[in-house]
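Participant: My file is run-v5.cif. It has mmCIF, N, CA and C atoms:
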```
data_upload
#
loop_
_atom_site.label_atom_id
_atom_site.label_comp_id
_atom_site.auth_asym_id
_atom_site.auth_seq_id
_atom_site.Cartn_x
_atom_site.Cartn_y
_atom_site.Cartn_z
N MET A 1 -130.11 116.74 23.28
CA MET A 1 -128.74 116.92 23.70
C MET A 1 -128.03 117.76 22.63
N PRO A 2 -127.39 118.84 23.00
CA PRO A 2 -126.75 119.69 22.01
C PRO A 2 -125.45 119.09 21.48
N ILE A 3 -125.21 119.36 20.20
CA ILE A 3 -123.94 119.01 19.56
C ILE A 3 -123.37 120.28 18.96
N SER A 4 -122.13 120.25 18.55
CA SER A 4 -121.52 121.42 17.91
C SER A 4 -121.67 121.31 16.40
N CYS A 5 -121.99 122.43 15.77
CA CYS A 5 -122.09 122.49 14.31
C CYS A 5 -120.70 122.26 13.73
N GLU A 6 -120.63 121.52 12.61
CA GLU A 6 -119.34 121.23 11.99
C GLU A 6 -118.68 122.48 11.41
N HIS A 7 -119.47 123.49 11.06
CA HIS A 7 -118.92 124.67 10.39
C HIS A 7 -118.65 125.83 11.34
N CYS A 8 -119.59 126.12 12.25
CA CYS A 8 -119.41 127.30 13.10
C CYS A 8 -119.18 126.94 14.57
N ASN A 9 -119.26 125.68 14.92
CA ASN A 9 -119.06 125.19 16.29
C ASN A 9 -120.06 125.74 17.30
N GLN A 10 -121.16 126.29 16.88
CA GLN A 10 -122.22 126.75 17.78
C GLN A 10 -123.04 125.53 18.22
N PRO A 11 -123.61 125.55 19.42
CA PRO A 11 -124.42 124.41 19.86
C PRO A 11 -125.76 124.37 19.12
N VAL A 12 -126.11 123.17 18.63
CA VAL A 12 -127.40 122.94 17.98
C VAL A 12 -127.96 121.63 18.52
N HIS A 13 -129.26 121.42 18.34
CA HIS A 13 -129.90 120.18 18.79
C HIS A 13 -129.36 119.03 17.94
N GLU A 14 -129.30 117.85 18.51
CA GLU A 14 -128.71 116.71 17.81
C GLU A 14 -129.48 116.27 16.58
N GLN A 15 -130.74 116.68 16.45
CA GLN A 15 -131.54 116.33 15.28
C GLN A 15 -131.62 117.45 14.26
N THR A 16 -130.93 118.56 14.52
CA THR A 16 -130.94 119.69 13.59
C THR A 16 -130.00 119.40 12.44
N VAL A 17 -130.53 119.38 11.22
CA VAL A 17 -129.72 119.07 10.05
C VAL A 17 -129.06 120.33 9.51
N ILE A 18 -129.78 121.44 9.48
CA ILE A 18 -129.25 122.72 9.02
C ILE A 18 -129.06 123.62 10.23
N CYS A 19 -127.87 124.14 10.38
CA CYS A 19 -127.55 124.98 11.54
C CYS A 19 -128.32 126.30 11.46
N PRO A 20 -129.02 126.69 12.53
CA PRO A 20 -129.76 127.96 12.51
C PRO A 20 -128.83 129.16 12.62
N HIS A 21 -127.58 128.94 13.02
CA HIS A 21 -126.64 130.05 13.18
C HIS A 21 -125.95 130.42 11.86
N CYS A 22 -125.44 129.41 11.14
CA CYS A 22 -124.69 129.70 9.92
C CYS A 22 -125.40 129.27 8.65
N GLY A 23 -126.41 128.40 8.74
CA GLY A 23 -127.16 127.96 7.57
C GLY A 23 -126.52 126.80 6.83
N ASP A 24 -125.40 126.30 7.29
CA ASP A 24 -124.73 125.16 6.67
C ASP A 24 -125.19 123.87 7.33
N PRO A 25 -124.89 122.71 6.70
CA PRO A 25 -125.23 121.44 7.35
C PRO A 25 -124.52 121.31 8.70
N SER A 26 -125.25 120.85 9.71
CA SER A 26 -124.69 120.77 11.07
C SER A 26 -123.91 119.49 11.30
N GLY A 27 -124.06 118.50 10.42
CA GLY A 27 -123.39 117.23 10.60
C GLY A 27 -124.32 116.14 11.07
N ALA A 28 -125.52 116.48 11.46
CA ALA A 28 -126.51 115.48 11.87
C ALA A 28 -127.11 114.84 10.61
N PRO A 29 -127.33 113.52 10.60
CA PRO A 29 -127.88 112.88 9.41
C PRO A 29 -129.34 113.23 9.20
N HIS A 30 -129.77 113.17 7.94
CA HIS A 30 -131.18 113.39 7.62
C HIS A 30 -132.01 112.22 8.11
N ASP A 31 -133.27 112.48 8.46
CA ASP A 31 -134.20 111.45 8.89
C ASP A 31 -134.72 110.72 7.65
N PRO A 32 -134.46 109.42 7.49
CA PRO A 32 -134.89 108.71 6.27
C PRO A 32 -136.40 108.63 6.14
N ILE A 33 -137.12 108.54 7.26
CA ILE A 33 -138.59 108.47 7.20
C ILE A 33 -139.15 109.80 6.70
N ALA A 34 -138.60 110.90 7.21
CA ALA A 34 -139.08 112.21 6.77
C ALA A 34 -138.78 112.43 5.30
N LEU A 35 -137.62 112.00 4.83
CA LEU A 35 -137.28 112.14 3.41
C LEU A 35 -138.23 111.34 2.54
N ALA A 36 -138.61 110.14 2.99
CA ALA A 36 -139.56 109.32 2.23
C ALA A 36 -140.93 109.99 2.19
N GLU A 37 -141.37 110.57 3.33
CA GLU A 37 -142.66 111.24 3.36
C GLU A 37 -142.67 112.46 2.44
N ILE A 38 -141.57 113.19 2.40
CA ILE A 38 -141.49 114.36 1.53
C ILE A 38 -141.57 113.94 0.07
N SER A 39 -140.89 112.85 -0.30
CA SER A 39 -140.94 112.41 -1.70
C SER A 39 -142.35 111.96 -2.09
N VAL A 40 -143.07 111.31 -1.16
CA VAL A 40 -144.45 110.90 -1.45
C VAL A 40 -145.33 112.13 -1.61
N MET A 41 -145.16 113.12 -0.76
CA MET A 41 -145.97 114.34 -0.86
C MET A 41 -145.71 115.06 -2.18
N LEU A 42 -144.45 115.07 -2.64
CA LEU A 42 -144.14 115.71 -3.92
C LEU A 42 -144.78 114.96 -5.08
N GLU A 43 -144.86 113.62 -4.98
CA GLU A 43 -145.54 112.85 -6.02
C GLU A 43 -147.03 113.12 -6.02
N LEU A 44 -147.62 113.30 -4.85
CA LEU A 44 -149.06 113.56 -4.77
C LEU A 44 -149.44 114.92 -5.31
N GLU A 45 -148.49 115.86 -5.29
CA GLU A 45 -148.79 117.19 -5.82
C GLU A 45 -149.05 117.15 -7.32
N ASP A 46 -148.51 116.15 -8.01
CA ASP A 46 -148.68 116.04 -9.45
C ASP A 46 -150.00 115.39 -9.84
N GLU A 47 -150.74 114.83 -8.88
CA GLU A 47 -152.02 114.19 -9.15
C GLU A 47 -153.06 115.26 -9.50
N PRO A 48 -154.01 114.93 -10.38
CA PRO A 48 -155.06 115.90 -10.69
C PRO A 48 -155.96 116.12 -9.49
N GLU A 49 -156.48 117.32 -9.37
CA GLU A 49 -157.36 117.64 -8.25
C GLU A 49 -158.73 117.02 -8.47
N PRO A 50 -159.41 116.61 -7.41
CA PRO A 50 -160.75 116.04 -7.56
C PRO A 50 -161.74 117.11 -8.01
N ALA A 51 -162.86 116.67 -8.51
CA ALA A 51 -163.90 117.59 -8.96
C ALA A 51 -164.43 118.39 -7.78
N PRO A 52 -164.85 119.62 -8.00
CA PRO A 52 -165.40 120.42 -6.90
C PRO A 52 -166.68 119.80 -6.36
N LEU A 53 -166.96 120.05 -5.11
CA LEU A 53 -168.09 119.45 -4.41
C LEU A 53 -169.45 119.73 -5.07
N PRO A 54 -169.75 120.96 -5.50
CA PRO A 54 -171.07 121.17 -6.12
C PRO A 54 -171.28 120.30 -7.36
N TYR A 55 -170.23 120.08 -8.13
CA TYR A 55 -170.36 119.23 -9.31
C TYR A 55 -170.69 117.80 -8.90
N LEU A 56 -170.06 117.29 -7.87
CA LEU A 56 -170.32 115.94 -7.42
C LEU A 56 -171.75 115.80 -6.90
N LEU A 57 -172.24 116.80 -6.20
CA LEU A 57 -173.60 116.73 -5.68
C LEU A 57 -174.64 116.79 -6.79
N GLU A 58 -174.38 117.61 -7.81
CA GLU A 58 -175.33 117.73 -8.91
C GLU A 58 -175.37 116.47 -9.75
N SER A 59 -174.24 115.81 -9.90
CA SER A 59 -174.19 114.64 -10.77
C SER A 59 -174.95 113.46 -10.19
N LYS A 60 -175.16 113.40 -8.89
CA LYS A 60 -175.87 112.27 -8.28
C LYS A 60 -177.37 112.51 -8.19
N ALA A 61 -177.84 113.69 -8.51
CA ALA A 61 -179.25 114.04 -8.49
C ALA A 61 -179.89 113.68 -7.15
N LEU A 62 -179.38 114.24 -6.10
CA LEU A 62 -179.90 113.98 -4.77
C LEU A 62 -181.22 114.71 -4.57
N PRO A 63 -182.15 114.09 -3.86
CA PRO A 63 -183.42 114.79 -3.61
C PRO A 63 -183.19 115.94 -2.64
N PRO A 64 -183.95 117.01 -2.75
CA PRO A 64 -183.77 118.13 -1.83
C PRO A 64 -184.16 117.74 -0.40
N ILE A 65 -183.43 118.25 0.53
CA ILE A 65 -183.69 117.97 1.94
C ILE A 65 -184.27 119.22 2.57
N GLU A 66 -185.43 119.07 3.18
CA GLU A 66 -186.07 120.21 3.81
C GLU A 66 -185.73 120.21 5.30
N ALA A 67 -185.19 121.30 5.75
CA ALA A 67 -184.85 121.42 7.16
C ALA A 67 -186.07 121.93 7.92
N LYS A 68 -186.36 121.28 9.01
CA LYS A 68 -187.48 121.70 9.84
C LYS A 68 -186.94 122.60 10.95
N PRO A 69 -187.41 123.84 10.99
CA PRO A 69 -186.92 124.72 12.04
C PRO A 69 -187.42 124.27 13.41
N SER A 70 -186.53 124.30 14.37
CA SER A 70 -186.89 123.91 15.72
C SER A 70 -187.11 125.16 16.55
N THR A 71 -188.22 125.17 17.26
CA THR A 71 -188.52 126.33 18.11
C THR A 71 -188.02 126.12 19.53
N GLU A 72 -187.69 124.86 19.87
CA GLU A 72 -187.22 124.58 21.22
C GLU A 72 -185.70 124.64 21.27
N LEU A 73 -185.20 125.18 22.35
CA LEU A 73 -183.77 125.20 22.57
C LEU A 73 -183.38 123.97 23.37
N PRO A 74 -182.18 123.43 23.13
CA PRO A 74 -181.74 122.29 23.93
C PRO A 74 -181.58 122.71 25.38
N ARG A 75 -181.87 121.80 26.28
CA ARG A 75 -181.81 122.11 27.70
C ARG A 75 -180.63 121.40 28.33
N ALA A 76 -179.98 122.08 29.23
CA ALA A 76 -178.87 121.50 29.98
C ALA A 76 -179.39 120.93 31.28
N ILE A 77 -178.78 119.85 31.72
CA ILE A 77 -179.17 119.22 32.98
C ILE A 77 -178.03 119.41 33.97
N ALA A 78 -178.32 120.02 35.09
CA ALA A 78 -177.32 120.23 36.13
C ALA A 78 -177.56 119.24 37.26
N ARG A 79 -176.49 118.57 37.64
CA ARG A 79 -176.59 117.62 38.76
C ARG A 79 -175.57 118.01 39.81
N ARG A 80 -175.96 117.82 41.05
CA ARG A 80 -175.05 118.12 42.15
C ARG A 80 -174.25 116.87 42.47
N ARG A 81 -172.91 117.02 42.56
CA ARG A 81 -172.06 115.89 42.90
C ARG A 81 -171.83 115.89 44.40
N THR A 82 -171.74 114.70 44.95
CA THR A 82 -171.42 114.57 46.35
C THR A 82 -169.93 114.37 46.49
N ARG A 83 -169.42 114.53 47.70
CA ARG A 83 -167.98 114.33 47.92
C ARG A 83 -167.60 112.90 47.60
N GLY A 84 -166.45 112.74 47.00
CA GLY A 84 -165.98 111.42 46.65
C GLY A 84 -166.31 111.01 45.23
N GLU A 85 -167.24 111.68 44.57
CA GLU A 85 -167.54 111.40 43.18
C GLU A 85 -166.56 112.15 42.29
N GLU A 86 -166.14 111.47 41.26
CA GLU A 86 -165.24 112.14 40.31
C GLU A 86 -165.65 111.79 38.91
#
```
Can you dump the structure from the file as structure tokens?
Facilitator:
Amino acid sequence: MPISCEHCNQPVHEQTVICPHCGDPSGAPHDPIALAEISVMLELEDEPEPAPLPYLLESKALPPIEAKPSTELPRAIARRRTRGEE
């Protein structure tokens, strides 16, 4: 449902916090859940990054895996449906 911006009186969506027409606050309140999620994301940015994947694989000394090449292609099965089946 559209509301009028407090600064320019242009119609904006009722959940729009910043007016797309003038760039000022539209008068709609901020979403508290979104603000909490943003603060958590900003805190997570300060965390150290995990070790790169090759380092993790080398540190566990995994045995080599040999892939066996397959010469057969997978086959598709086609079935005819009768009327009334869905």
Participant: Please identify all polymer residues within 7 Å of region 8-10 of chain A, counting all atoms listed in the file, omitting same-chain residues fewer than 4 positions from it, and present them as an NGL selection string.
Facilitator: :A and (3-4 or 22)
Participant: By how many Å are atom N of His13 (chain A) and atom N of Ile38 (chain A) apart?
Facilitator: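 Atom-to-atom, atom N of His13 (chain A) to atom N of Ile38 (chain A), that is 21.8 Å.
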Participant: Select, from A:Glu49, A:Arg81, A:Glu6, A:Leu42, the residue with the minimum atom-to-atom distance to Gly27 (chain A), counting all atoms listed in the file.
Facilitator: A:Glu6
Participant: What separation in Å, quoted to one decimal, exists between CA of His30 (chain A) and atom C of Val17 (chain A)?
Facilitator: 7.5 Å
Participant: Residues at most 8 Å from Thr16 (chain A), counting only N, CA and C atoms, excluding those fewer than 3 positions away in the same chain, as a ChimeraX atom specification?
Facilitator: /A:12-13,19-20,25-30
Participant: May I have the residues from that selection written out with N, CA and C atoms, as a PDB file, keeping the file's coordinate frame?
Facilitator:
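part_30.pdb, written as the output of this step:
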```pdb
ATOM      1  N   VAL A  12    -126.110 123.170  18.630  1.00  0.00           N
ATOM      2  CA  VAL A  12    -127.400 122.940  17.980  1.00  0.00           C
ATOM      3  C   VAL A  12    -127.960 121.630  18.520  1.00  0.00           C
ATOM      4  N   HIS A  13    -129.260 121.420  18.340  1.00  0.00           N
ATOM      5  CA  HIS A  13    -129.900 120.180  18.790  1.00  0.00           C
ATOM      6  C   HIS A  13    -129.360 119.030  17.940  1.00  0.00           C
ATOM      7  N   CYS A  19    -127.870 124.140  10.380  1.00  0.00           N
ATOM      8  CA  CYS A  19    -127.550 124.980  11.540  1.00  0.00           C
ATOM      9  C   CYS A  19    -128.320 126.300  11.460  1.00  0.00           C
ATOM     10  N   PRO A  20    -129.020 126.690  12.530  1.00  0.00           N
ATOM     11  CA  PRO A  20    -129.760 127.960  12.510  1.00  0.00           C
ATOM     12  C   PRO A  20    -128.830 129.160  12.620  1.00  0.00           C
ATOM     13  N   PRO A  25    -124.890 122.710   6.700  1.00  0.00           N
ATOM     14  CA  PRO A  25    -125.230 121.440   7.350  1.00  0.00           C
ATOM     15  C   PRO A  25    -124.520 121.310   8.700  1.00  0.00           C
ATOM     16  N   SER A  26    -125.250 120.850   9.710  1.00  0.00           N
ATOM     17  CA  SER A  26    -124.690 120.770  11.070  1.00  0.00           C
ATOM     18  C   SER A  26    -123.910 119.490  11.300  1.00  0.00           C
ATOM     19  N   GLY A  27    -124.060 118.500  10.420  1.00  0.00           N
ATOM     20  CA  GLY A  27    -123.390 117.230  10.600  1.00  0.00           C
ATOM     21  C   GLY A  27    -124.320 116.140  11.070  1.00  0.00           C
ATOM     22  N   ALA A  28    -125.520 116.480  11.460  1.00  0.00           N
ATOM     23  CA  ALA A  28    -126.510 115.480  11.870  1.00  0.00           C
ATOM     24  C   ALA A  28    -127.110 114.840  10.610  1.00  0.00           C
ATOM     25  N   PRO A  29    -127.330 113.520  10.600  1.00  0.00           N
ATOM     26  CA  PRO A  29    -127.880 112.880   9.410  1.00  0.00           C
ATOM     27  C   PRO A  29    -129.340 113.230   9.200  1.00  0.00           C
ATOM     28  N   HIS A  30    -129.770 113.170   7.940  1.00  0.00           N
ATOM     29  CA  HIS A  30    -131.180 113.390   7.620  1.00  0.00           C
ATOM     30  C   HIS A  30    -132.010 112.220   8.110  1.00  0.00           C
TER      31      HIS A  30
END
```
Participant: One number please: atom C of Glu37 (chain A) to atom C of His7 (chain A), in Å, one decimal.
Facilitator: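 Separation between atom C of Glu37 (chain A) and atom C of His7 (chain A): 28.9 Å.
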